[in-house]
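The structure appears below as structure tokens.
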Amino acid sequence: MLVNKLIGSNSQYLRLPFDEFIKIQNENKVTKIDFVAASPHIYIDSEKCLRVNDVQNSMNMNGISVYSLTPLPYRFSICANGGTIQHKKTIDYYKQCILVGKELGSKYICVTGSGANYDENPEYLIDNAIESLSILAEYAKNNDITVLLGTVFGDDCIINASTPVLVSAADVKKVTECVDSKNLKVYMDTEVISVCGESIREWFELFGKDIRLIRFTDGNYNGYRVWGKGCLPCRKYVDTIQQNGYDGYYSMQIPGEKYFENPVEADKENLKYLYEIFEQVN
Amino acid sequence: MATIKRNQIVAMNQHYRRFSLDYFLECQQKVGFENIELWCGSSHFWLDSKGFEPVAPLKKKLKKYGLKVVSVTTPSCAYQYQYASQEREILNESFKYFSNGIKLASELGADRVVVNSGWGYNNENQSEMWKRSRDNLFNLAEIAKKNNIVCVMESMRADETNIVNDINSAKKMFDEVKHENLKVMVDSIASGAAGETLDNWFDTFGENLIHMHFLDGDPYLHNVWGDGNTPLERQLQIMNKRNFNGYLVQEVADEKYFSNPYEADIKNMRVLSRFIEG
């Protein structure tokens with residue numbers, strides 16, 4: 001059943017307690033989550049993490065587990081120049097995130113190239129990302145976890161752009177090939193790739209089985225939307241993904257604050273739409 | 001005639017978050033700013049709950065570009081920290097973080113930091129979140145006192161916080177914290193969104209109103225002057241009438257400016273300079 005491949009996310013629940021989010025996932029019969037490791041649900045900085053046990057206990061009591069962990073990039077950037085405090089803090093932060101992911105039983109930790117400076121040489125930024133990800137992939141290997149690199153909005157989505165590099169499949173390909181680690185794979189974000197004019201088919205041609213997670217949301221040039229509220233063809237996308245032999249999970253994470261006021265309603269609306277489509281595919 | 005003094009207009013680096021600190025400083029010098037409110041975010045200046053990076057290199061750069069830090073904003077909400085963190089352990093980290101912001105301001109020779117109430121969970125008991133915010137602000141004002149710094153509290157829009165989001169809640173918080181090192185500021189976007197006027201704020205806070213984030217709201221967006229719906233001359237007339245000589249910080253925070261912040265600054269200064277004295 002394809003619907004069993006849907007995983008929830010607390011990304012839109014950051015204005016509610018974590019326990020409340022878990023309760024709703026239970027009601028929605030969602031058993032795996034793409035956990036956004038962010039305050040106030042959990043705290044991670046470059047030296048420590050807080051509330052890991054609270055999160056774990058809440059999930060255990062409700063039969064829910066973490067499939068993938070998405071740390072918020074905050075002010076950290078894998079593209080930061082080596083030797084800077086930002087670079088050092090970034091490496092230490094993501095190492096903490098890997099440890100948290102391991103403790104929570106997550107298979108994957110998702111990272112992006114956000115936070116790079118637009119007035120710096122893009123080639124240097126890519127080199128910095130390769131250096132950072134080489135360190136993190138090695139650390140992930142030692143902790144039985146895999147880092148997934150995905151793209152984020154570039155200049156095609158002006159209000160949400162967060163980096164001049166790693167906004168295309170080509171950049172991700174270059175970086176993953178250079179790092180060349182079994183513990184560095186990729187995730188694909190349907191909204192991000194669509195906004196910059198890339199297709200699902202292109203991503204599968206480039207990465208094939210290395211696509212380990214799909215962030216499956218609707219959206220438009222102004223950002224993410226629940227399915228049915230944006231400009232993306234849900235059924236066509238599901239068909240393409242299936243035709244390419246993908247058997248991984250579909251994350252319902254919706255980054256941004258758009259649904260903070262009523263995440264429960266947003267989740268229900270999203271699920272209703274997806275159930276309808278997924279059942280047609282079945 | 002409505003006027004502003006040049007050194008009242010203060011630049012801020014928030015909309016340069018996609019660029020380096022050096023680029024920001026260079027642009028401010030070119031635009032003609034003298035003072036800045038330092039936003040300690042992105043790659044510009046590192047500050048967290050553990051401490052902050054050495055200030056000497058920053059001071060050297062400020063000197064090179066002829067700029068002075070008059071105020072510090074320690075980013076809240078966007079990162080791990082906020083003034084009313086709901087979970088006790090995170091509140092402790094937040095307190096250390098904002099305390100470091102106060103100490104940084106002192107080291108840079110600024111006399112104020114911007115603070116806000118923080119926010120509680122959507123489904124949280126109002127008095128619980130209020131108490132947490134109030135106690136934390138009082139404790140931070142104590143740190144500020146030890147460092148000869150004044151905390152200036154802004155309100156935020158109702159979609160940003162469920163604690164201090166209008167003039168009435170700001171007055172209640174100000175009265176309850178009741179600390180000589182907590183003063184008040186107007187954020188013209190938050191006050192505009194709440195349907196309040198500058199006169200309302202002057203009437204309510206008098207000389208305790210010492211600082212402003214002064215933008216051209218529509219009223220919701222942090223626009224540069226000339227991009228919103230606010231009658232600038234009228235605002236300045238009110239300030240002149242009230243003898244307000246505080247800083248007018250250009251917190252250009254709308255995302256549409258993030259790709260070309262320098263152009264936004266030039267357009268902004270073009271409008272403001274029409275009212276500069278002399």
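Chain identifiers are assigned as A, B, and so on, following the order in which chains appear in the structure tokens; residues are numbered from 1 within each chain, and ligands are numbered from 1 in order of appearance.
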Expected answer as a short mmCIF file (atom, residue, chain, number, x, y, z; two decimals) with C-alpha atoms, in the first residue's frame: chain B residues within 9 Å of chain A, only C-alpha atoms:
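The resulting file, part.cif, is reproduced below:
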data_model
loop_
_atom_site.label_atom_id
_atom_site.label_comp_id
_atom_site.auth_asym_id
_atom_site.auth_seq_id
_atom_site.Cartn_x
_atom_site.Cartn_y
_atom_site.Cartn_z
CA ARG B 17 21.99 38.00 5.55
CA ARG B 18 22.86 36.45 2.17
CA PHE B 19 26.07 38.48 1.98
CA SER B 20 29.25 38.87 4.01
CA TYR B 23 30.06 43.70 1.96
CA GLY B 41 23.01 36.59 12.61
CA SER B 42 24.10 34.56 9.56
CA SER B 43 27.85 34.69 8.94
CA PHE B 45 29.03 37.90 13.81
CA TRP B 46 28.91 34.69 15.82
CA ASP B 48 25.38 31.79 20.83
CA SER B 49 24.65 30.58 24.35
CA LYS B 50 28.33 29.70 24.83
CA GLU B 53 33.61 35.69 18.76
CA ALA B 78 14.73 32.50 13.84
CA TYR B 79 17.32 30.46 15.73
CA GLN B 80 17.11 28.07 18.69
CA TYR B 81 16.49 30.84 21.17
CA SER B 85 11.19 29.48 25.56
CA GLN B 86 8.55 26.97 26.59
CA GLU B 87 10.84 24.20 27.79
CA GLU B 89 16.21 23.64 29.59
CA ILE B 90 15.87 25.68 26.40
CA TRP B 119 6.10 33.64 22.38
CA GLY B 120 4.24 30.73 23.93
CA TYR B 121 2.67 27.64 22.41
CA ASN B 122 -0.59 28.24 20.52
CA ASN B 123 -2.48 26.13 23.04
CA GLU B 124 -0.66 27.33 26.14
CA ASP B 159 1.10 36.42 13.94
CA ASP B 254 11.23 41.93 4.06
CA GLU B 255 12.57 39.06 1.97
CA LYS B 256 12.10 40.92 -1.30
CA TYR B 257 15.17 43.01 -0.40
CA PHE B 258 17.46 40.13 0.51
CA SER B 259 18.76 39.59 -3.04
#
Spatial neighbours of Phe275 (chain B), 12 Å, only C-alpha atoms, chain gap at least 2 places, as a list in words: Met1, Ala2, Thr3, Ile4, Lys5, Arg6, Gln8, Ile9, Leu232, Glu233, Arg234, Gln235, Leu236, Gln237, Asn240, Met269, Arg270, Val271, Leu272, Ser273, Glu277 and Gly278 of chain B
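Residue nearest Ala11 (chain B) within the list B:Asn35, B:Gln29, B:Thr197, B:Asn268: B:Asn35 [criterion: smallest interatomic distance, only C-alpha atoms].
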Output as a VMD selection string all residues of region 187-269 of chain A that backbone DSSP marks as helix (DSSP H, G or I). chain A and resid 190 to 195 200 to 210 234 to 243 263 to 269
Could you write out the selected residues, including N, CA and C atoms, as a short mmCIF file (atom, residue, chain, number, x, y, z; two decimals), in the first residue's frame?
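After the write, again_2.cif holds the following:
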data_model
loop_
_atom_site.label_atom_id
_atom_site.label_comp_id
_atom_site.auth_asym_id
_atom_site.auth_seq_id
_atom_site.Cartn_x
_atom_site.Cartn_y
_atom_site.Cartn_z
N THR A 190 10.18 17.85 -4.18
CA THR A 190 9.38 18.10 -5.39
C THR A 190 9.14 19.59 -5.64
N GLU A 191 8.92 20.34 -4.58
CA GLU A 191 8.66 21.78 -4.75
C GLU A 191 9.92 22.51 -5.21
N VAL A 192 11.03 22.23 -4.55
CA VAL A 192 12.27 22.93 -4.89
C VAL A 192 12.72 22.62 -6.32
N ILE A 193 12.68 21.35 -6.69
CA ILE A 193 13.17 21.02 -8.04
C ILE A 193 12.23 21.59 -9.10
N SER A 194 10.94 21.64 -8.79
CA SER A 194 9.98 22.15 -9.78
C SER A 194 10.15 23.64 -9.99
N VAL A 195 10.36 24.37 -8.90
CA VAL A 195 10.51 25.83 -9.00
C VAL A 195 11.71 26.21 -9.86
N ILE A 200 11.44 15.37 -12.16
CA ILE A 200 11.67 14.15 -11.38
C ILE A 200 12.47 13.15 -12.21
N ARG A 201 12.14 13.08 -13.48
CA ARG A 201 12.85 12.15 -14.37
C ARG A 201 14.35 12.46 -14.40
N GLU A 202 14.68 13.75 -14.51
CA GLU A 202 16.11 14.13 -14.52
C GLU A 202 16.81 13.69 -13.24
N TRP A 203 16.13 13.85 -12.13
CA TRP A 203 16.74 13.47 -10.84
C TRP A 203 16.99 11.96 -10.79
N PHE A 204 16.03 11.20 -11.28
CA PHE A 204 16.24 9.74 -11.27
C PHE A 204 17.34 9.34 -12.24
N GLU A 205 17.41 10.05 -13.37
CA GLU A 205 18.49 9.74 -14.32
C GLU A 205 19.85 10.01 -13.71
N LEU A 206 19.94 11.08 -12.93
CA LEU A 206 21.23 11.44 -12.32
C LEU A 206 21.57 10.60 -11.10
N PHE A 207 20.56 10.32 -10.29
CA PHE A 207 20.85 9.71 -8.98
C PHE A 207 20.29 8.29 -8.78
N GLY A 208 19.30 7.90 -9.55
CA GLY A 208 18.74 6.56 -9.42
C GLY A 208 18.42 6.15 -8.00
N LYS A 209 18.99 5.02 -7.60
CA LYS A 209 18.71 4.46 -6.26
C LYS A 209 19.33 5.29 -5.12
N ASP A 210 20.15 6.25 -5.48
CA ASP A 210 20.73 7.09 -4.41
C ASP A 210 19.72 8.09 -3.85
N CYS A 234 0.12 16.36 -8.80
CA CYS A 234 0.36 15.29 -7.82
C CYS A 234 0.37 13.90 -8.48
N ARG A 235 -0.70 13.59 -9.19
CA ARG A 235 -0.83 12.25 -9.78
C ARG A 235 0.32 11.95 -10.74
N LYS A 236 0.62 12.94 -11.58
CA LYS A 236 1.70 12.75 -12.56
C LYS A 236 3.04 12.52 -11.85
N TYR A 237 3.26 13.26 -10.77
CA TYR A 237 4.51 13.10 -10.03
C TYR A 237 4.61 11.72 -9.39
N VAL A 238 3.50 11.26 -8.80
CA VAL A 238 3.51 9.93 -8.17
C VAL A 238 3.79 8.86 -9.23
N ASP A 239 3.12 8.99 -10.36
CA ASP A 239 3.32 8.01 -11.44
C ASP A 239 4.78 7.98 -11.88
N THR A 240 5.36 9.16 -12.06
CA THR A 240 6.76 9.22 -12.52
C THR A 240 7.69 8.59 -11.49
N ILE A 241 7.43 8.90 -10.24
CA ILE A 241 8.27 8.34 -9.17
C ILE A 241 8.17 6.82 -9.16
N GLN A 242 6.95 6.32 -9.27
CA GLN A 242 6.75 4.87 -9.26
C GLN A 242 7.38 4.21 -10.48
N GLN A 243 7.21 4.86 -11.63
CA GLN A 243 7.79 4.29 -12.86
C GLN A 243 9.32 4.17 -12.78
N PRO A 263 -1.77 23.77 11.99
CA PRO A 263 -1.10 22.64 11.34
C PRO A 263 -1.97 21.39 11.26
N VAL A 264 -2.86 21.25 12.22
CA VAL A 264 -3.70 20.05 12.26
C VAL A 264 -4.60 20.01 11.02
N GLU A 265 -5.22 21.13 10.74
CA GLU A 265 -6.08 21.24 9.57
C GLU A 265 -5.28 21.04 8.28
N ALA A 266 -4.08 21.65 8.25
CA ALA A 266 -3.22 21.52 7.06
C ALA A 266 -2.86 20.06 6.82
N ASP A 267 -2.52 19.36 7.88
CA ASP A 267 -2.16 17.94 7.76
C ASP A 267 -3.34 17.11 7.25
N LYS A 268 -4.50 17.39 7.80
CA LYS A 268 -5.69 16.62 7.40
C LYS A 268 -6.01 16.84 5.93
N GLU A 269 -5.92 18.10 5.52
CA GLU A 269 -6.20 18.46 4.13
C GLU A 269 -5.19 17.78 3.19
#
Any chance you could list, as a ChimeraX atom specification, the residues in region 117-155 of chain B that come up strand (DSSP E) when DSSP is run on the backbone? /B:150-153
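Among the candidate residues A:Gln96, A:Thr90, A:Thr176, A:Ser68, the one lying nearest to Arg212 (chain A) is A:Ser68, with distances computed using only C-alpha atoms.
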Gap from CA of Glu138 (chain A) to CA of Ser11 (chain A) - Å, one decimal: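 According to the coordinates, CA of Glu138 (chain A) and CA of Ser11 (chain A) are separated by 27.5 Å.
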Name all residues at most 6 Å from Val184 (chain B) (count only C-alpha atoms; drop same-chain ones fewer than 6 positions away) and give them as a ChimeraX atom specification. /B:152-153,208-209
Selection from above, N, CA and C atoms, as an mmCIF file, in the first residue's frame, can you write it?
data_model
loop_
_atom_site.group_PDB
_atom_site.id
_atom_site.type_symbol
_atom_site.label_atom_id
_atom_site.label_comp_id
_atom_site.auth_asym_id
_atom_site.auth_seq_id
_atom_site.Cartn_x
_atom_site.Cartn_y
_atom_site.Cartn_z
ATOM 1 N N VAL B 152 15.679 47.598 25.263
ATOM 2 C CA VAL B 152 14.509 48.301 24.719
ATOM 3 C C VAL B 152 13.561 47.264 24.129
ATOM 4 N N MET B 153 12.351 47.247 24.651
ATOM 5 C CA MET B 153 11.399 46.194 24.263
ATOM 6 C C MET B 153 10.496 46.652 23.114
ATOM 7 N N ASN B 208 9.998 57.165 28.316
ATOM 8 C CA ASN B 208 10.513 55.788 28.336
ATOM 9 C C ASN B 208 10.569 55.185 26.941
ATOM 10 N N LEU B 209 10.037 55.888 25.966
ATOM 11 C CA LEU B 209 10.142 55.452 24.569
ATOM 12 C C LEU B 209 11.431 56.051 24.000
#
